[in-house]
>>> print(open('protein.cif').read())   # mmCIF, C-alpha atoms
data_coords
#
loop_
_atom_site.group_PDB
_atom_site.id
_atom_site.type_symbol
_atom_site.label_atom_id
_atom_site.label_comp_id
_atom_site.auth_asym_id
_atom_site.auth_seq_id
_atom_site.Cartn_x
_atom_site.Cartn_y
_atom_site.Cartn_z
ATOM 1 C CA MET A 72 -78.582 -65.599 105.920
ATOM 2 C CA GLU A 73 -76.197 -62.805 105.184
ATOM 3 C CA ARG A 74 -77.013 -60.504 102.335
ATOM 4 C CA ILE A 75 -74.402 -59.554 99.727
ATOM 5 C CA ASN A 76 -73.484 -55.902 100.232
ATOM 6 C CA ASP A 77 -70.778 -55.000 97.764
ATOM 7 C CA SER A 78 -71.588 -57.228 94.824
ATOM 8 C CA VAL A 79 -74.485 -58.851 93.092
ATOM 9 C CA LEU A 80 -74.796 -62.630 93.063
ATOM 10 C CA THR A 81 -73.244 -63.793 89.795
ATOM 11 C CA GLU A 82 -73.545 -67.573 89.971
ATOM 12 C CA PHE A 83 -75.280 -70.529 91.582
ATOM 13 C CA VAL A 84 -73.890 -73.911 92.575
ATOM 14 C CA LEU A 85 -75.891 -77.039 91.689
ATOM 15 C CA VAL A 86 -75.358 -79.810 94.233
ATOM 16 C CA GLY A 87 -77.432 -82.592 92.672
ATOM 17 C CA LEU A 88 -76.170 -85.956 93.908
ATOM 18 C CA SER A 89 -72.703 -84.763 94.928
ATOM 19 C CA ALA A 90 -73.230 -86.415 98.328
ATOM 20 C CA HIS A 91 -73.644 -89.754 96.526
ATOM 21 C CA PRO A 92 -70.750 -89.981 94.008
ATOM 22 C CA LYS A 93 -71.347 -93.672 93.249
ATOM 23 C CA LEU A 94 -74.878 -92.917 92.115
ATOM 24 C CA GLN A 95 -73.732 -90.054 89.885
ATOM 25 C CA THR A 96 -72.123 -92.372 87.340
ATOM 26 C CA VAL A 97 -75.179 -94.624 87.229
ATOM 27 C CA PHE A 98 -77.504 -91.642 86.843
ATOM 28 C CA PHE A 99 -75.306 -90.119 84.130
ATOM 29 C CA VAL A 100 -75.485 -93.262 81.979
ATOM 30 C CA LEU A 101 -79.242 -93.643 82.555
ATOM 31 C CA VAL A 102 -80.061 -89.997 81.814
ATOM 32 C CA LEU A 103 -77.853 -89.925 78.706
ATOM 33 C CA TRP A 104 -79.453 -93.123 77.404
ATOM 34 C CA MET A 105 -82.979 -91.802 78.057
ATOM 35 C CA TYR A 106 -82.167 -88.455 76.425
ATOM 36 C CA VAL A 107 -81.039 -90.214 73.235
ATOM 37 C CA ILE A 108 -84.260 -92.262 73.258
ATOM 38 C CA ILE A 109 -86.279 -89.042 73.738
ATOM 39 C CA LEU A 110 -84.636 -87.344 70.750
ATOM 40 C CA LEU A 111 -84.971 -90.411 68.519
ATOM 41 C CA GLY A 112 -88.474 -91.441 69.625
ATOM 42 C CA ASN A 113 -90.061 -88.011 69.449
ATOM 43 C CA GLY A 114 -88.098 -87.106 66.320
ATOM 44 C CA VAL A 115 -89.346 -90.215 64.506
ATOM 45 C CA LEU A 116 -92.925 -89.596 65.673
ATOM 46 C CA ILE A 117 -92.840 -86.004 64.381
ATOM 47 C CA SER A 118 -91.368 -87.173 61.054
ATOM 48 C CA VAL A 119 -94.013 -89.886 60.650
ATOM 49 C CA ILE A 120 -96.870 -87.464 61.360
ATOM 50 C CA ILE A 121 -95.513 -84.918 58.879
ATOM 51 C CA TYR A 122 -94.717 -87.602 56.269
ATOM 52 C CA ASP A 123 -98.048 -89.488 56.269
ATOM 53 C CA PHE A 124 -100.986 -87.348 55.106
ATOM 54 C CA HIS A 125 -103.397 -89.825 56.757
ATOM 55 C CA LEU A 126 -102.136 -88.494 60.090
ATOM 56 C CA HIS A 127 -102.836 -84.856 59.228
ATOM 57 C CA THR A 128 -105.706 -84.672 61.720
ATOM 58 C CA PRO A 129 -106.250 -82.575 64.883
ATOM 59 C CA MET A 130 -105.292 -85.455 67.206
ATOM 60 C CA TYR A 131 -101.939 -86.026 65.509
ATOM 61 C CA PHE A 132 -101.336 -82.296 65.170
ATOM 62 C CA PHE A 133 -101.584 -82.047 68.968
ATOM 63 C CA LEU A 134 -99.393 -85.141 69.318
ATOM 64 C CA CYS A 135 -96.784 -83.556 67.058
ATOM 65 C CA ASN A 136 -96.823 -80.495 69.316
ATOM 66 C CA LEU A 137 -96.439 -82.734 72.378
ATOM 67 C CA SER A 138 -93.428 -84.529 70.888
ATOM 68 C CA PHE A 139 -91.753 -81.251 69.904
ATOM 69 C CA LEU A 140 -92.526 -79.905 73.364
ATOM 70 C CA ASP A 141 -90.896 -82.941 74.998
ATOM 71 C CA ILE A 142 -87.742 -82.411 72.933
ATOM 72 C CA CYS A 143 -87.611 -78.728 73.928
ATOM 73 C CA TYR A 144 -88.386 -79.488 77.592
ATOM 74 C CA THR A 145 -85.668 -82.092 78.013
ATOM 75 C CA SER A 146 -83.138 -80.115 75.951
ATOM 76 C CA SER A 147 -83.593 -77.157 78.312
ATOM 77 C CA SER A 148 -82.548 -79.211 81.344
ATOM 78 C CA VAL A 149 -80.889 -82.547 80.491
ATOM 79 C CA PRO A 150 -77.538 -81.076 79.275
ATOM 80 C CA LEU A 151 -77.259 -79.242 82.601
ATOM 81 C CA ILE A 152 -78.257 -82.405 84.501
ATOM 82 C CA LEU A 153 -75.565 -84.413 82.695
ATOM 83 C CA ASP A 154 -72.976 -81.737 83.401
ATOM 84 C CA SER A 155 -73.919 -81.596 87.102
ATOM 85 C CA LEU A 156 -73.571 -85.389 87.331
ATOM 86 C CA LEU A 157 -70.012 -85.193 86.003
ATOM 87 C CA THR A 158 -68.876 -82.529 88.473
ATOM 88 C CA LEU A 159 -69.208 -82.421 92.247
ATOM 89 C CA ARG A 160 -70.425 -78.810 92.426
ATOM 90 C CA ARG A 161 -71.553 -77.489 89.063
ATOM 91 C CA LYS A 162 -71.418 -73.691 88.805
ATOM 92 C CA VAL A 163 -73.913 -71.886 86.591
ATOM 93 C CA SER A 164 -74.077 -68.138 85.957
ATOM 94 C CA PHE A 165 -77.029 -66.126 87.232
ATOM 95 C CA PRO A 166 -78.277 -65.227 83.699
ATOM 96 C CA GLY A 167 -77.769 -68.836 82.553
ATOM 97 C CA CYS A 168 -79.726 -70.098 85.542
ATOM 98 C CA MET A 169 -82.609 -67.715 84.864
ATOM 99 C CA VAL A 170 -82.751 -68.654 81.165
ATOM 100 C CA GLN A 171 -82.786 -72.378 81.971
ATOM 101 C CA MET A 172 -85.444 -71.828 84.638
ATOM 102 C CA PHE A 173 -87.587 -69.843 82.179
ATOM 103 C CA LEU A 174 -87.389 -72.498 79.459
ATOM 104 C CA SER A 175 -88.059 -75.457 81.757
ATOM 105 C CA PHE A 176 -90.988 -73.752 83.479
ATOM 106 C CA ALA A 177 -92.449 -72.622 80.149
ATOM 107 C CA MET A 178 -92.263 -76.108 78.630
ATOM 108 C CA GLY A 179 -93.748 -77.743 81.751
ATOM 109 C CA ALA A 180 -96.626 -75.258 81.912
ATOM 110 C CA THR A 181 -97.279 -75.622 78.178
ATOM 111 C CA GLU A 182 -97.484 -79.416 78.488
ATOM 112 C CA CYS A 183 -100.073 -79.149 81.266
ATOM 113 C CA VAL A 184 -102.308 -76.942 79.112
ATOM 114 C CA LEU A 185 -101.694 -79.012 75.980
ATOM 115 C CA LEU A 186 -102.784 -82.221 77.724
ATOM 116 C CA GLY A 187 -106.033 -80.463 78.661
ATOM 117 C CA VAL A 188 -106.531 -79.357 75.054
ATOM 118 C CA MET A 189 -105.906 -82.921 73.851
ATOM 119 C CA ALA A 190 -108.587 -84.150 76.282
ATOM 120 C CA LEU A 191 -111.083 -81.726 74.734
ATOM 121 C CA ASP A 192 -110.191 -83.077 71.308
ATOM 122 C CA ARG A 193 -110.879 -86.661 72.467
ATOM 123 C CA TYR A 194 -114.147 -85.505 74.082
ATOM 124 C CA VAL A 195 -115.419 -84.082 70.792
ATOM 125 C CA ALA A 196 -114.199 -87.162 68.854
ATOM 126 C CA ILE A 197 -115.963 -89.657 71.143
ATOM 127 C CA CYS A 198 -119.066 -87.728 72.166
ATOM 128 C CA TYR A 199 -119.769 -86.009 68.823
ATOM 129 C CA PRO A 200 -118.181 -88.280 66.179
ATOM 130 C CA LEU A 201 -120.455 -87.170 63.339
ATOM 131 C CA ARG A 202 -119.751 -83.483 63.990
ATOM 132 C CA TYR A 203 -116.050 -83.904 64.814
ATOM 133 C CA SER A 204 -114.713 -82.854 61.390
ATOM 134 C CA ALA A 205 -117.029 -79.830 61.347
ATOM 135 C CA ILE A 206 -116.082 -78.719 64.890
ATOM 136 C CA MET A 207 -112.337 -79.429 64.897
ATOM 137 C CA ILE A 208 -111.398 -77.476 61.803
ATOM 138 C CA LYS A 209 -107.952 -75.954 61.253
ATOM 139 C CA GLY A 210 -109.186 -72.573 62.423
ATOM 140 C CA VAL A 211 -110.026 -74.166 65.783
ATOM 141 C CA TYR A 212 -107.300 -76.689 66.615
ATOM 142 C CA VAL A 213 -104.334 -74.547 65.501
ATOM 143 C CA PRO A 214 -105.285 -71.634 67.832
ATOM 144 C CA MET A 215 -105.886 -74.189 70.619
ATOM 145 C CA ALA A 216 -102.323 -75.481 70.286
ATOM 146 C CA ALA A 217 -100.908 -71.977 69.890
ATOM 147 C CA GLY A 218 -102.819 -70.886 72.994
ATOM 148 C CA SER A 219 -101.117 -73.649 74.989
ATOM 149 C CA TRP A 220 -97.683 -72.380 73.975
ATOM 150 C CA VAL A 221 -98.555 -68.734 74.628
ATOM 151 C CA THR A 222 -100.002 -69.575 78.066
ATOM 152 C CA GLY A 223 -96.877 -71.477 79.079
ATOM 153 C CA LEU A 224 -94.466 -68.817 77.802
ATOM 154 C CA VAL A 225 -96.364 -65.893 79.381
ATOM 155 C CA ASP A 226 -96.728 -67.727 82.693
ATOM 156 C CA SER A 227 -93.015 -68.557 82.760
ATOM 157 C CA MET A 228 -92.112 -64.981 81.836
ATOM 158 C CA ILE A 229 -94.111 -63.677 84.805
ATOM 159 C CA GLN A 230 -92.623 -66.163 87.295
ATOM 160 C CA THR A 231 -89.068 -65.677 86.036
ATOM 161 C CA SER A 232 -89.284 -61.865 86.000
ATOM 162 C CA LEU A 233 -90.497 -61.895 89.609
ATOM 163 C CA ALA A 234 -87.636 -64.216 90.604
ATOM 164 C CA ILE A 235 -85.008 -62.062 88.872
ATOM 165 C CA GLN A 236 -86.033 -59.023 90.919
ATOM 166 C CA LEU A 237 -85.344 -60.796 94.229
ATOM 167 C CA PRO A 238 -82.106 -60.117 96.158
ATOM 168 C CA PHE A 239 -80.093 -63.279 96.865
ATOM 169 C CA CYS A 240 -77.889 -64.111 99.820
ATOM 170 C CA THR A 241 -74.360 -65.431 100.140
ATOM 171 C CA ASN A 242 -75.811 -68.940 100.170
ATOM 172 C CA ASN A 243 -75.961 -69.715 96.451
ATOM 173 C CA VAL A 244 -76.181 -73.511 96.683
ATOM 174 C CA ILE A 245 -79.170 -75.040 94.879
ATOM 175 C CA HIS A 246 -80.039 -78.531 96.105
ATOM 176 C CA HIS A 247 -81.154 -79.725 92.726
ATOM 177 C CA PHE A 248 -79.822 -80.878 89.338
ATOM 178 C CA VAL A 249 -81.094 -77.757 87.583
ATOM 179 C CA CYS A 250 -82.283 -74.235 88.378
ATOM 180 C CA GLU A 251 -85.726 -75.319 89.557
ATOM 181 C CA ILE A 252 -87.813 -72.275 90.483
ATOM 182 C CA LEU A 253 -88.850 -73.399 93.987
ATOM 183 C CA ALA A 254 -85.251 -74.293 94.853
ATOM 184 C CA VAL A 255 -84.081 -70.868 93.636
ATOM 185 C CA LEU A 256 -86.764 -68.983 95.591
ATOM 186 C CA LYS A 257 -85.543 -70.612 98.836
ATOM 187 C CA LEU A 258 -82.247 -68.700 98.449
ATOM 188 C CA ALA A 259 -83.860 -65.236 98.324
ATOM 189 C CA CYS A 260 -83.082 -62.738 101.089
ATOM 190 C CA ALA A 261 -86.407 -60.929 100.810
ATOM 191 C CA ASP A 262 -90.065 -61.640 101.358
ATOM 192 C CA ILE A 263 -91.281 -63.971 98.590
ATOM 193 C CA SER A 264 -94.993 -63.632 99.370
ATOM 194 C CA ILE A 265 -95.678 -62.132 95.931
ATOM 195 C CA ASN A 266 -93.851 -65.021 94.292
ATOM 196 C CA VAL A 267 -95.814 -67.554 96.337
ATOM 197 C CA ILE A 268 -99.134 -65.914 95.431
ATOM 198 C CA SER A 269 -98.098 -65.733 91.788
ATOM 199 C CA MET A 270 -97.077 -69.411 91.808
ATOM 200 C CA ALA A 271 -100.417 -70.332 93.380
ATOM 201 C CA GLY A 272 -102.221 -68.484 90.585
ATOM 202 C CA SER A 273 -99.975 -70.192 88.051
ATOM 203 C CA ASN A 274 -100.780 -73.626 89.489
ATOM 204 C CA LEU A 275 -104.480 -72.849 89.278
ATOM 205 C CA ILE A 276 -104.299 -71.783 85.636
ATOM 206 C CA VAL A 277 -101.861 -74.304 84.149
ATOM 207 C CA LEU A 278 -102.259 -77.257 86.515
ATOM 208 C CA VAL A 279 -105.661 -77.363 88.246
ATOM 209 C CA ILE A 280 -107.873 -76.035 85.437
ATOM 210 C CA PRO A 281 -106.403 -78.354 82.744
ATOM 211 C CA LEU A 282 -106.740 -81.276 85.165
ATOM 212 C CA LEU A 283 -110.411 -80.418 85.760
ATOM 213 C CA VAL A 284 -110.932 -80.194 81.994
ATOM 214 C CA ILE A 285 -109.344 -83.636 81.623
ATOM 215 C CA LEU A 286 -111.449 -85.169 84.415
ATOM 216 C CA ILE A 287 -114.732 -83.694 83.160
ATOM 217 C CA SER A 288 -113.924 -84.663 79.562
ATOM 218 C CA TYR A 289 -113.244 -88.261 80.525
ATOM 219 C CA ILE A 290 -116.390 -88.483 82.645
ATOM 220 C CA PHE A 291 -118.407 -87.683 79.511
ATOM 221 C CA ILE A 292 -116.172 -89.930 77.383
ATOM 222 C CA VAL A 293 -116.648 -92.925 79.691
ATOM 223 C CA ALA A 294 -120.409 -92.284 79.881
ATOM 224 C CA THR A 295 -120.592 -92.198 76.083
ATOM 225 C CA ILE A 296 -118.493 -95.365 75.667
ATOM 226 C CA LEU A 297 -120.697 -97.275 78.136
ATOM 227 C CA ARG A 298 -123.745 -96.458 76.030
ATOM 228 C CA ILE A 299 -122.223 -98.106 72.933
ATOM 229 C CA PRO A 300 -124.086 -101.428 72.501
ATOM 230 C CA SER A 301 -121.315 -103.600 71.022
ATOM 231 C CA ASN A 302 -118.117 -104.593 72.818
ATOM 232 C CA GLU A 303 -116.137 -104.033 69.628
ATOM 233 C CA GLY A 304 -117.445 -100.476 69.419
ATOM 234 C CA LYS A 305 -116.526 -99.847 73.038
ATOM 235 C CA ARG A 306 -113.032 -101.209 72.459
ATOM 236 C CA LYS A 307 -112.447 -99.034 69.378
ATOM 237 C CA ALA A 308 -113.761 -95.923 71.128
ATOM 238 C CA PHE A 309 -111.575 -96.473 74.178
ATOM 239 C CA SER A 310 -108.488 -97.230 72.068
ATOM 240 C CA THR A 311 -108.654 -93.737 70.533
ATOM 241 C CA CYS A 312 -108.084 -92.083 73.915
ATOM 242 C CA SER A 313 -106.225 -94.760 75.928
ATOM 243 C CA ALA A 314 -102.779 -93.459 74.940
ATOM 244 C CA HIS A 315 -103.627 -89.900 76.016
ATOM 245 C CA LEU A 316 -105.112 -91.160 79.276
ATOM 246 C CA THR A 317 -101.953 -93.184 79.994
ATOM 247 C CA VAL A 318 -99.740 -90.129 79.427
ATOM 248 C CA VAL A 319 -101.974 -88.001 81.676
ATOM 249 C CA ILE A 320 -101.820 -90.557 84.515
ATOM 250 C CA ILE A 321 -98.018 -90.753 84.329
ATOM 251 C CA PHE A 322 -97.573 -86.964 84.028
ATOM 252 C CA TYR A 323 -99.952 -85.857 86.779
ATOM 253 C CA GLY A 324 -99.269 -88.902 88.960
ATOM 254 C CA THR A 325 -95.585 -87.991 89.122
ATOM 255 C CA ILE A 326 -96.369 -84.352 89.920
ATOM 256 C CA PHE A 327 -98.735 -85.179 92.774
ATOM 257 C CA PHE A 328 -96.413 -87.834 94.190
ATOM 258 C CA MET A 329 -93.568 -85.308 94.104
ATOM 259 C CA TYR A 330 -95.468 -82.736 96.185
ATOM 260 C CA ALA A 331 -97.631 -85.013 98.365
ATOM 261 C CA LYS A 332 -94.887 -87.228 99.826
ATOM 262 C CA PRO A 333 -94.108 -86.743 103.580
ATOM 263 C CA LYS A 334 -90.923 -84.944 104.621
ATOM 264 C CA ALA A 335 -88.246 -86.836 106.539
ATOM 265 C CA LYS A 336 -87.375 -85.649 110.043
ATOM 266 C CA THR A 337 -84.156 -87.576 110.804
ATOM 267 C CA SER A 338 -80.768 -87.024 109.183
ATOM 268 C CA THR A 339 -80.777 -90.545 107.762
ATOM 269 C CA GLY A 340 -84.264 -89.986 106.424
ATOM 270 C CA THR A 341 -83.139 -86.697 104.903
ATOM 271 C CA ASP A 342 -80.307 -88.429 103.019
ATOM 272 C CA ASN A 343 -82.693 -91.057 101.713
ATOM 273 C CA GLN A 344 -85.167 -88.338 100.816
ATOM 274 C CA ASP A 345 -82.511 -86.574 98.708
ATOM 275 C CA ILE A 346 -82.063 -89.745 96.656
ATOM 276 C CA ILE A 347 -85.838 -90.244 96.333
ATOM 277 C CA GLU A 348 -86.367 -86.622 95.266
ATOM 278 C CA ALA A 349 -83.600 -87.001 92.689
ATOM 279 C CA LEU A 350 -85.250 -90.123 91.277
ATOM 280 C CA ILE A 351 -88.682 -88.460 91.157
ATOM 281 C CA SER A 352 -87.225 -85.338 89.569
ATOM 282 C CA LEU A 353 -85.517 -87.381 86.859
ATOM 283 C CA PHE A 354 -88.631 -89.478 86.277
ATOM 284 C CA TYR A 355 -90.732 -86.351 85.852
ATOM 285 C CA GLY A 356 -88.191 -84.537 83.691
ATOM 286 C CA VAL A 357 -86.814 -87.384 81.577
ATOM 287 C CA MET A 358 -88.803 -90.611 81.874
ATOM 288 C CA THR A 359 -92.198 -89.125 80.942
ATOM 289 C CA PRO A 360 -90.989 -87.514 77.672
ATOM 290 C CA MET A 361 -89.267 -90.802 76.823
ATOM 291 C CA LEU A 362 -92.439 -92.835 77.362
ATOM 292 C CA ASN A 363 -94.759 -90.534 75.395
ATOM 293 C CA PRO A 364 -93.711 -91.619 71.865
ATOM 294 C CA LEU A 365 -93.552 -95.270 72.952
ATOM 295 C CA ILE A 366 -97.075 -95.125 74.385
ATOM 296 C CA TYR A 367 -98.540 -93.422 71.325
ATOM 297 C CA SER A 368 -96.750 -95.679 68.839
ATOM 298 C CA LEU A 369 -97.335 -99.000 70.608
ATOM 299 C CA ARG A 370 -101.006 -98.295 71.365
ATOM 300 C CA ASN A 371 -101.870 -96.702 68.029
ATOM 301 C CA LYS A 372 -102.421 -98.763 64.870
ATOM 302 C CA ASP A 373 -102.343 -95.696 62.608
ATOM 303 C CA VAL A 374 -98.887 -94.651 63.816
ATOM 304 C CA LYS A 375 -97.512 -98.205 63.557
ATOM 305 C CA ALA A 376 -98.916 -98.514 60.026
ATOM 306 C CA ALA A 377 -97.425 -95.135 59.051
ATOM 307 C CA VAL A 378 -94.002 -96.158 60.391
ATOM 308 C CA LYS A 379 -94.087 -99.427 58.432
ATOM 309 C CA ASN A 380 -95.207 -97.565 55.316
ATOM 310 C CA MET A 381 -92.394 -95.013 55.627
ATOM 311 C CA LEU A 382 -89.764 -97.721 56.208
ATOM 312 C CA SER A 383 -91.017 -99.816 53.272
ATOM 313 C CA ARG A 384 -90.840 -96.845 50.900
ATOM 314 C CA LYS A 385 -87.304 -96.051 52.008
ATOM 315 C CA ASN A 386 -86.265 -99.634 51.310
ATOM 316 C CA PHE A 387 -87.395 -99.172 47.717
#
>>> encode(input="protein.cif", output="structure tokens")
Amino acid sequence: MERINDSVLTEFVLVGLSAHPKLQTVFFVLVLWMYVIILLGNGVLISVIIYDFHLHTPMYFFLCNLSFLDICYTSSSVPLILDSLLTLRRKVSFPGCMVQMFLSFAMGATECVLLGVMALDRYVAICYPLRYSAIMIKGVYVPMAAGSWVTGLVDSMIQTSLAIQLPFCTNNVIHHFVCEILAVLKLACADISINVISMAGSNLIVLVIPLLVILISYIFIVATILRIPSNEGKRKAFSTCSAHLTVVIIFYGTIFFMYAKPKAKTSTGTDNQDIIEALISLFYGVMTPMLNPLIYSLRNKDVKAAVKNMLSRKNF
């Protein structure tokens, strides 16, 4: 690729699904509908948790953070996705692209760490129920949540600052809906070895380690549940962590499917792969945040009771 000599790259072009115009309209309607559900669902869940003092516990504090995080994560990318679906070749300025990339990466990294923190909370609740209130005090769970946010923001700041320093070539076309960091790095005209090493370290810290924490926590949780003598006790114990486990499976399952799928070798396969990657990208970026409040509300009696209580009081 030819390097820009006289001027600095000022903008990128987002291709998205421009090669499939018929699908763009369908995707636009679907993404817009899901975004509205995300804002309403997570907004209601946050309001219910704040409104009902019975839900002022560590588990719901983390859930409130997760819902707010989902709103921030989707709001950092969905408006750009919708815009790119309305235009054939959406242009975005270099600073705008870097800001969007920073926010999306930060929110994604924060969610990975936060899910690990939530697993630790469920581990203490199931394995040490009598000591739970003494262990998970405000001075413990608030710094745990804050640490998730700080980790995600610092990690994103490092990755984005390294990307900004790279020289970019005349090819400024990003084959994605948004300024996704891996898609942007492919356009660099210089050696990106440092970026690759940094990304590997990032994946270890915010992806692998939280996943190991989740796996180890649930090994102990399952072992503890199996030792409960009554079936009713087992059911109640499992119900307290089933929603979190469902969210984890969807979140990490989508990530691993996105990176583990085989690459197409033929031109026809490449076209089909573009559509599949678009679907996976949207599922990861939009569908998961939409499902989170539904999973936690439908599978949680406390949340459903709090919603009914709030609605009944408003009627009076």
>>> closest_residue(input="protein.cif", among="A:Leu185, A:Leu80, A:Ala376, A:Ile208", to="His125 in chain A", atoms="all atoms listed in the file")
A:Ala376
>>> atom_distance(input="protein.cif", atom1="CA of Gly304 in chain A", atom2="CA of Ile197 in chain A")
11.1 Å
>>> residues_around(input="protein.cif", residues="Thr96 in chain A", least_positions_apart="5", cutoff="9 Å", atoms="only C-alpha atoms", output="PyMOL selection string")
chain A and resi 101+156-157
>>> write_last_selection(input="protein.cif", atoms="C-alpha atoms", output="short mmCIF file (atom, residue, chain, number, x, y, z; two decimals), keeping the file's coordinate frame")
data_model
loop_
_atom_site.label_atom_id
_atom_site.label_comp_id
_atom_site.auth_asym_id
_atom_site.auth_seq_id
_atom_site.Cartn_x
_atom_site.Cartn_y
_atom_site.Cartn_z
CA LEU A 101 -79.24 -93.64 82.56
CA LEU A 156 -73.57 -85.39 87.33
CA LEU A 157 -70.01 -85.19 86.00
#
>>> resolve_selection(input="protein.cif", expression="the PyMOL selection byres ((chain A and resi 110) around 10)", output="compact mmCIF listing (two decimals) with C-alpha atoms, keeping the file's coordinate frame")
# COMPACT_ATOMS: atom_id res chain seq x y z
CA MET A 105 -82.98 -91.80 78.06
CA TYR A 106 -82.17 -88.46 76.42
CA VAL A 107 -81.04 -90.21 73.24
CA ILE A 108 -84.26 -92.26 73.26
CA ILE A 109 -86.28 -89.04 73.74
CA LEU A 111 -84.97 -90.41 68.52
CA GLY A 112 -88.47 -91.44 69.62
CA ASN A 113 -90.06 -88.01 69.45
CA GLY A 114 -88.10 -87.11 66.32
CA VAL A 115 -89.35 -90.22 64.51
CA LEU A 116 -92.92 -89.60 65.67
CA SER A 138 -93.43 -84.53 70.89
CA PHE A 139 -91.75 -81.25 69.90
CA ASP A 141 -90.90 -82.94 75.00
CA ILE A 142 -87.74 -82.41 72.93
CA CYS A 143 -87.61 -78.73 73.93
CA THR A 145 -85.67 -82.09 78.01
CA SER A 146 -83.14 -80.11 75.95
CA PRO A 360 -90.99 -87.51 77.67
CA MET A 361 -89.27 -90.80 76.82
>>> closest_residue(input="protein.cif", among="A:Phe291, A:Tyr212, A:Trp220, A:Phe173", to="Glu251 in chain A", atoms="all atoms listed in the file")
A:Phe173
>>> atom_distance(input="protein.cif", atom1="CA of Leu282 in chain A", atom2="CA of Thr222 in chain A")
15.3 Å
>>> closest_residue(input="protein.cif", among="A:Met169, A:Phe354, A:Leu174, A:Arg298", to="Gln236 in chain A", atoms="all atoms listed in the file")
A:Met169
>>> atom_distance(input="protein.cif", atom1="CA of Pro281 in chain A", atom2="CA of Gly210 in chain A")
21.3 Å
>>> closest_residue(input="protein.cif", among="A:Asn266, A:Asn243, A:Ser310, A:Thr325", to="Lys162 in chain A", atoms="all atoms listed in the file")
A:Asn243
>>> build_atoms(input="protein.cif", residues="range 251-255 of chain A", atoms="all heavy atoms", output="mmCIF file, in the frame of the given file")
data_model
loop_
_atom_site.group_PDB
_atom_site.id
_atom_site.type_symbol
_atom_site.label_atom_id
_atom_site.label_comp_id
_atom_site.auth_asym_id
_atom_site.auth_seq_id
_atom_site.Cartn_x
_atom_site.Cartn_y
_atom_site.Cartn_z
ATOM 1 N N GLU A 251 -84.288 -75.157 89.346
ATOM 2 C CA GLU A 251 -85.726 -75.319 89.557
ATOM 3 C C GLU A 251 -86.240 -74.127 90.353
ATOM 4 O O GLU A 251 -85.620 -73.701 91.325
ATOM 5 C CB GLU A 251 -85.979 -76.628 90.302
ATOM 6 C CG GLU A 251 -87.398 -77.126 90.206
ATOM 7 C CD GLU A 251 -88.225 -76.674 91.383
ATOM 8 O OE1 GLU A 251 -87.644 -76.373 92.438
ATOM 9 O OE2 GLU A 251 -89.464 -76.641 91.252
ATOM 10 N N ILE A 252 -87.374 -73.563 89.951
ATOM 11 C CA ILE A 252 -87.813 -72.275 90.483
ATOM 12 C C ILE A 252 -88.033 -72.283 91.994
ATOM 13 O O ILE A 252 -87.656 -71.333 92.686
ATOM 14 C CB ILE A 252 -89.087 -71.780 89.745
ATOM 15 C CG1 ILE A 252 -89.411 -70.337 90.161
ATOM 16 C CG2 ILE A 252 -90.264 -72.725 89.986
ATOM 17 C CD1 ILE A 252 -90.429 -69.667 89.274
ATOM 18 N N LEU A 253 -88.617 -73.351 92.541
ATOM 19 C CA LEU A 253 -88.850 -73.399 93.987
ATOM 20 C C LEU A 253 -87.536 -73.472 94.758
ATOM 21 O O LEU A 253 -87.400 -72.864 95.827
ATOM 22 C CB LEU A 253 -89.735 -74.600 94.335
ATOM 23 C CG LEU A 253 -91.160 -74.579 93.773
ATOM 24 C CD1 LEU A 253 -91.913 -75.839 94.181
ATOM 25 C CD2 LEU A 253 -91.906 -73.345 94.252
ATOM 26 N N ALA A 254 -86.562 -74.200 94.203
ATOM 27 C CA ALA A 254 -85.251 -74.293 94.853
ATOM 28 C C ALA A 254 -84.532 -72.950 94.819
ATOM 29 O O ALA A 254 -83.830 -72.582 95.776
ATOM 30 C CB ALA A 254 -84.403 -75.364 94.166
ATOM 31 N N VAL A 255 -84.708 -72.193 93.749
ATOM 32 C CA VAL A 255 -84.081 -70.868 93.636
ATOM 33 C C VAL A 255 -84.726 -69.880 94.593
ATOM 34 O O VAL A 255 -84.037 -69.083 95.246
ATOM 35 C CB VAL A 255 -84.177 -70.356 92.183
ATOM 36 C CG1 VAL A 255 -83.704 -68.900 92.094
ATOM 37 C CG2 VAL A 255 -83.346 -71.230 91.249
#
